[in-house]
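Taking it in order: structure first as structure tokens, then the write-up.
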Amino acid sequence: MDTLLSLDWFLIATSLAKTVFVLFFVVLPMVSYTVYAERRVSALIQDRVGPNRTGFPTTLLGFKKDISPFLGGLGQPIADAVKLLTKEDFTPAHVNKFYYWIAPGLGIAAVIVTLAVIPFGSSFLGVPMVIANVNVGPLFIFAISSLSVYGIVLAGWSANSKYSFLGGIRSSSQMISYELALGLSVVPLFMILGRLNLPEIVNYQRDHGWLLVPFTDGHLSKLEILLWIPICISFFVFTISMFAETNRLPFDLPEAEQELVGGYHTEYSSMKFALFFLGEYAAMIAGSSLVVTLFLGGWHLPFIPDGAGQGGLEFLHRLPSWIWGLVNITAFFAKVGVLLLFFIWVRWTLPRFRYDQLMRLGWIFFFEIALVNVFVTAGILALFPN
Amino acid sequence: MAYIVHRPKLTFAEKLYLPQVVAGLAITFKHLKNMLLGRTKVVMQYPEEKWDSSMPAHYRGAPTLVRDEQGRERCVACQLCEFICPPRAITIKPGEIPAENKWAKVEKFPQAFDIDMIRCIYCGLCEEVCPEQAIFLRKDYAITGTTRAEMVHDKTKLYELGGVMHGVVNKWNSLK
């Protein structure tokens, strides 16, 4: 009884509310609308129209007309979700049932867990807008996101099909190689910041300017300009490694349609396939969130106060601070959205790398660049002690 | 026959990939921008936009039967169209025009005239073979139905679609 009372019920309740909000009201809709944006933007880039028909079938509920939102097609993700949920869930006879069933769950769980440490807003009504405020944020993300390779490997292996198997093998080697560059490329940031707590990293960027755009706080010191070079390099390496890590197009060898049918999820159907799909896009969102948090100031916008009514322009403090809390959350997800659009843009521009090119790029270039970058940053920090 | 493919000598910029990547992104962005500004021509949005107004005069749509200015049904049930029809879509049941009728000299008329629109291939041979200028391919192309029976156009439906044809040769007017 005493242990029950001694639990911090407020913390548990708010964490639960935040988890539900982030997962079901932000990330899942964001995933489905990223898929929609992917189809629509790819169509526009290729001089087509794209899915512009599906509205909301309000005639089924007795209304006179179907609602067809301004661009049309905005009901498409909902229709897709219904389709995927109601399709026949077919398990081929030749698969290893146990691993075949747990693989999709493993794939998506690892991705969603990484979202827990991302600060998606400053604070709202006094509650900090991060689900788990841990002191090892980026390490936690790297540790967990490398587990998502298990989902892919198990899917590829258990399906007992050569295409799935090749996809799984490619994916695991690709993710393992790029994990190194990914981890090393952000080491300079932590040397500059001196902390690993993601909310604090965002607070630092609020006070000293975004790492990639150091003048957002209104002034530039010489050290900031000097450090901007290694930060740019690490942003470059980190973003490209993120493409490889999330199996996005210039590096989408695990599911190269022309060679491997569908890659590791060839033998999956219905919601199990949808979970892989979901996991892939959720990984994109998690990756973009990390890029935004580390390089682009997280939830911070210049001149806008935070959720506690601190900072920003003086006359904006007259409005209640919860409004600014909401603005911060919106700013964060808007930045993530812009990055997602960049992901899509790149996908429909670049052709796929060959496998040896991919490995060469990862091991010979990005790994070395990231390593040298660490030493360059160390040199700058040693020569110019603040 | 073996031959040697010479690898192109890449400049430093090309080896870096990056200028090419940026150039590619610029190209795709140009396409995106032109689409968003409505400068690119795209396909017609079918049910909302139709091409009916720009349809050519020789367009071959659904075959129909026509009447002339006097309101006489022009078909004389000679069955040439039935015989030439490649998919055998046409079925005619000829009948005799009664003696008291003004057009008794024409002798025959179709009691039933069915065109199975599931079979019809819109080739226009029926129109071409008709010695009476009675059957014409009109511009209707959206022929739909929910049953097979509905897709068979009977005589009433064919005359309804065909209407009156002006400017055809009325050879029976002068014949005794």
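Just remember, in the structure tokens the first chain shown is A, the second B, etc., residues are 1-based per chain, and ligands are 1-based in the order shown.
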9 Å contacts from chain B to chain A using only C-alpha atoms, as a PyMOL selection string: chain B and resi 21+24-25+27-36+40-43
Kindly export the residues of the current selection with N, CA and C atoms, as a CSV table (one decimal), in the first residue's frame.
```csv
chain,number,residue,atom,x,y,z
B,21,VAL,N,23.9,15.9,-57.3
B,21,VAL,CA,22.7,15.7,-56.5
B,21,VAL,C,21.9,17.0,-56.4
B,24,GLY,N,20.1,17.6,-59.6
B,24,GLY,CA,18.9,16.7,-59.7
B,24,GLY,C,17.8,17.3,-58.9
B,25,LEU,N,18.1,17.7,-57.6
B,25,LEU,CA,17.1,18.2,-56.8
B,25,LEU,C,16.5,19.5,-57.4
B,27,ILE,N,16.1,20.1,-60.6
B,27,ILE,CA,15.3,19.6,-61.7
B,27,ILE,C,13.9,19.2,-61.1
B,28,THR,N,14.0,18.3,-60.1
B,28,THR,CA,12.7,17.8,-59.6
B,28,THR,C,11.9,19.0,-59.0
B,29,PHE,N,12.6,19.9,-58.3
B,29,PHE,CA,11.9,21.0,-57.7
B,29,PHE,C,11.2,21.9,-58.8
B,30,LYS,N,11.9,22.0,-60.0
B,30,LYS,CA,11.3,22.8,-61.1
B,30,LYS,C,10.0,22.1,-61.5
B,31,HIS,N,10.0,20.8,-61.6
B,31,HIS,CA,8.8,20.1,-62.0
B,31,HIS,C,7.7,20.3,-61.0
B,32,LEU,N,8.0,20.2,-59.7
B,32,LEU,CA,7.1,20.3,-58.6
B,32,LEU,C,6.5,21.7,-58.7
B,33,LYS,N,7.3,22.7,-58.9
B,33,LYS,CA,6.9,24.1,-58.9
B,33,LYS,C,5.9,24.4,-60.0
B,34,ASN,N,6.3,23.9,-61.2
B,34,ASN,CA,5.4,24.1,-62.4
B,34,ASN,C,4.1,23.4,-62.2
B,35,MET,N,4.1,22.2,-61.6
B,35,MET,CA,2.8,21.5,-61.3
B,35,MET,C,2.0,22.4,-60.3
B,36,LEU,N,2.6,22.9,-59.3
B,36,LEU,CA,1.8,23.6,-58.3
B,36,LEU,C,1.3,24.9,-58.8
B,40,THR,N,2.0,23.0,-65.9
B,40,THR,CA,2.2,21.7,-66.6
B,40,THR,C,0.9,21.2,-67.0
B,41,LYS,N,0.8,20.7,-68.3
B,41,LYS,CA,-0.4,20.1,-68.8
B,41,LYS,C,-0.5,18.7,-68.2
B,42,VAL,N,-1.6,18.4,-67.6
B,42,VAL,CA,-1.8,17.0,-67.1
B,42,VAL,C,-3.0,16.4,-67.7
B,43,VAL,N,-3.2,15.2,-67.4
B,43,VAL,CA,-4.4,14.4,-67.9
B,43,VAL,C,-5.7,15.1,-67.6
```
DSSP alpha helix (DSSP H) selection over region 63-216 of chain A, as JSON, numbers by chain: {"A": [76, 77, 78, 79, 80, 81, 82, 83, 84, 85, 86, 97, 98, 99, 100, 101, 102, 103, 104, 105, 106, 107, 108, 109, 110, 111, 112, 113, 114, 137, 138, 139, 140, 141, 142, 143, 144, 145, 148, 149, 150, 151, 152, 153, 154, 155, 156, 157, 158, 162, 163, 164, 165, 166, 167, 168, 169, 170, 171, 172, 173, 174, 175, 176, 177, 178, 179, 180, 181, 182, 183, 184, 185, 187, 188, 189, 190, 191, 192, 193, 198, 199, 200, 201, 202, 203, 204, 205, 206, 207, 208]}
Atom pair CA of Val376 (chain A) / CA of Ala244 (chain A): separation (Å):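 Going from CA of Val376 (chain A) over to CA of Ala244 (chain A) covers 24.8 Å.
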Distance query Met117 (chain B) at most 12 Å, only C-alpha atoms, self and fewer than 5 positions along chain excluded, as a list in words: Gly61, Ala62, Pro63, Thr64, Pro87, Arg88, Ala89, Ile90, Thr91, Tyr122, Asp140, Tyr141, Ala142, Ile143, Thr144, Gly145, Thr147, Arg148, Ala149, Glu150, Met151, Val152, His153, Asp154, Lys157 and Leu158 of chain B
Those residues with C-alpha atoms, as a CSV table (one decimal), in the first residue's frame please?
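Below is the file that was written, part_13.csv:
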```
chain,number,residue,atom,x,y,z
B,61,GLY,CA,-19.5,5.9,-80.7
B,62,ALA,CA,-22.6,3.8,-80.1
B,63,PRO,CA,-24.4,2.6,-83.3
B,64,THR,CA,-28.0,3.9,-83.5
B,87,PRO,CA,-18.8,-9.8,-83.4
B,88,ARG,CA,-22.3,-10.6,-84.4
B,89,ALA,CA,-23.8,-8.0,-82.1
B,90,ILE,CA,-26.8,-7.2,-84.2
B,91,THR,CA,-30.0,-9.3,-84.3
B,122,TYR,CA,-17.5,0.1,-82.6
B,140,ASP,CA,-22.2,8.3,-77.2
B,141,TYR,CA,-19.2,6.4,-75.6
B,142,ALA,CA,-20.3,5.9,-72.0
B,143,ILE,CA,-22.5,2.9,-72.4
B,144,THR,CA,-23.0,1.3,-69.0
B,145,GLY,CA,-25.4,-1.0,-67.4
B,147,THR,CA,-27.0,-6.3,-66.1
B,148,ARG,CA,-26.3,-8.0,-69.4
B,149,ALA,CA,-29.9,-7.5,-70.5
B,150,GLU,CA,-29.5,-3.8,-69.9
B,151,MET,CA,-26.6,-3.7,-72.2
B,152,VAL,CA,-28.7,-4.9,-75.2
B,153,HIS,CA,-30.1,-1.9,-77.0
B,154,ASP,CA,-33.5,-2.7,-78.4
B,157,LYS,CA,-33.5,2.6,-77.3
B,158,LEU,CA,-31.7,2.8,-80.7
```
Expected answer as a ChimeraX atom specification: strand (DSSP E or B) residues in region 12-132 of chain B: /B:63-65,67,73,90-96,108-116
Who sits within 9 Å of Glu160 (chain B), only C-alpha atoms, same chain under 4 positions skipped, as a ChimeraX atom specification: /B:64-66,155-156
Those same residues - N, CA and C atoms - I'd like them written as a PDB file, in the first residue's frame.
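Dumped everything to part_7.pdb:
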```
ATOM      1  N   THR B  64     -26.537   3.610 -83.764  1.00  0.00           N
ATOM      2  CA  THR B  64     -27.954   3.940 -83.486  1.00  0.00           C
ATOM      3  C   THR B  64     -28.752   3.859 -84.779  1.00  0.00           C
ATOM      4  N   LEU B  65     -30.074   3.743 -84.647  1.00  0.00           N
ATOM      5  CA  LEU B  65     -30.964   3.802 -85.811  1.00  0.00           C
ATOM      6  C   LEU B  65     -31.532   5.201 -85.904  1.00  0.00           C
ATOM      7  N   VAL B  66     -31.783   5.683 -87.120  1.00  0.00           N
ATOM      8  CA  VAL B  66     -32.292   7.050 -87.278  1.00  0.00           C
ATOM      9  C   VAL B  66     -33.589   7.068 -88.085  1.00  0.00           C
ATOM     10  N   LYS B 155     -34.909  -1.742 -80.123  1.00  0.00           N
ATOM     11  CA  LYS B 155     -35.278  -0.775 -81.162  1.00  0.00           C
ATOM     12  C   LYS B 155     -35.617   0.601 -80.584  1.00  0.00           C
ATOM     13  N   THR B 156     -36.439   0.619 -79.522  1.00  0.00           N
ATOM     14  CA  THR B 156     -36.823   1.919 -78.945  1.00  0.00           C
ATOM     15  C   THR B 156     -35.600   2.691 -78.490  1.00  0.00           C
TER      16      THR B 156
END
```
